[in-house]
Amino acid sequence: MQQHTNKSNSDLKQGGLYMNKTRMAYFKDEDILHVVISDEKEANSIELSPNITAEMNERGELIGIEILEASSFIRDSILESSQAKILEFKKAV
């Protein structure tokens, strides 16, 4: 399992957790993106949508997000967002 990590310098606060330690791990062979907000133990998880799971601690705070088929998700998200912005721009012109 090949893993690539990226640390964020964000100082956003979510619940009682500071997100300045947020990092991402990408597992290329499995095409899984894991966003880690906190190293706390996972107590529960919720499927937000197909292939996206939110991980929570004992207090119900978000501590991570797992995205399956991550490359397709990111590609589709970028294309959808870009197309929406282009349409808005064309309407304004």
# chains A, B, ... in the order shown; residues from 1 in each chain; ligands from 1
$ residues_around --residues "Ile32 in chain A" --least-positions-apart "3" --cutoff "8 Å" --atoms "only C-alpha atoms" --output "mmCIF file with C-alpha atoms, in the first residue's frame"
data_model
loop_
_atom_site.group_PDB
_atom_site.id
_atom_site.type_symbol
_atom_site.label_atom_id
_atom_site.label_comp_id
_atom_site.auth_asym_id
_atom_site.auth_seq_id
_atom_site.Cartn_x
_atom_site.Cartn_y
_atom_site.Cartn_z
ATOM 1 C CA TYR A 26 -3.633 8.965 -0.336
ATOM 2 C CA PHE A 27 -3.385 5.235 -0.911
ATOM 3 C CA LYS A 28 -2.688 5.017 -4.637
ATOM 4 C CA GLU A 66 -12.497 8.533 3.981
ATOM 5 C CA ILE A 67 -13.145 8.810 0.243
ATOM 6 C CA LEU A 68 -13.185 5.658 -1.867
ATOM 7 C CA GLU A 69 -12.536 5.980 -5.610
ATOM 8 C CA ALA A 70 -10.920 9.293 -4.703
#
$ residues_around --residues "Glu58 in chain A" --least-positions-apart "6" --cutoff "9 Å" --atoms "only C-alpha atoms" --output "list of chain:residue names"
A:Glu40, A:Lys41, A:Glu42, A:Ala43, A:Asn44
$ write_last_selection --atoms "N, CA and C atoms" --output "PDB file, in the first residue's frame"
ATOM      1  N   GLU A  40      -7.518  11.015  17.313  1.00  0.00           N
ATOM      2  CA  GLU A  40      -8.350  10.371  18.321  1.00  0.00           C
ATOM      3  C   GLU A  40      -8.918   9.064  17.781  1.00  0.00           C
ATOM      4  N   LYS A  41      -9.303   8.191  18.688  1.00  0.00           N
ATOM      5  CA  LYS A  41      -9.872   6.907  18.322  1.00  0.00           C
ATOM      6  C   LYS A  41     -11.255   7.115  17.704  1.00  0.00           C
ATOM      7  N   GLU A  42     -11.496   6.404  16.615  1.00  0.00           N
ATOM      8  CA  GLU A  42     -12.802   6.466  15.964  1.00  0.00           C
ATOM      9  C   GLU A  42     -13.817   5.680  16.784  1.00  0.00           C
ATOM     10  N   ALA A  43     -14.930   6.334  17.129  1.00  0.00           N
ATOM     11  CA  ALA A  43     -15.980   5.687  17.900  1.00  0.00           C
ATOM     12  C   ALA A  43     -17.198   5.373  17.042  1.00  0.00           C
ATOM     13  N   ASN A  44     -17.352   6.103  15.944  1.00  0.00           N
ATOM     14  CA  ASN A  44     -18.523   5.931  15.098  1.00  0.00           C
ATOM     15  C   ASN A  44     -18.203   6.446  13.707  1.00  0.00           C
TER      16      ASN A  44
END
$ atom_distance --atom1 "CA of Gly64 in chain A" --atom2 "CA of Ile37 in chain A"
5.3 Å
$ atom_distance --atom1 "CA of Ala54 in chain A" --atom2 "CA of Ile74 in chain A"
16.6 Å
$ atom_distance --atom1 "CA of Met24 in chain A" --atom2 "CA of Val36 in chain A"
6.0 Å
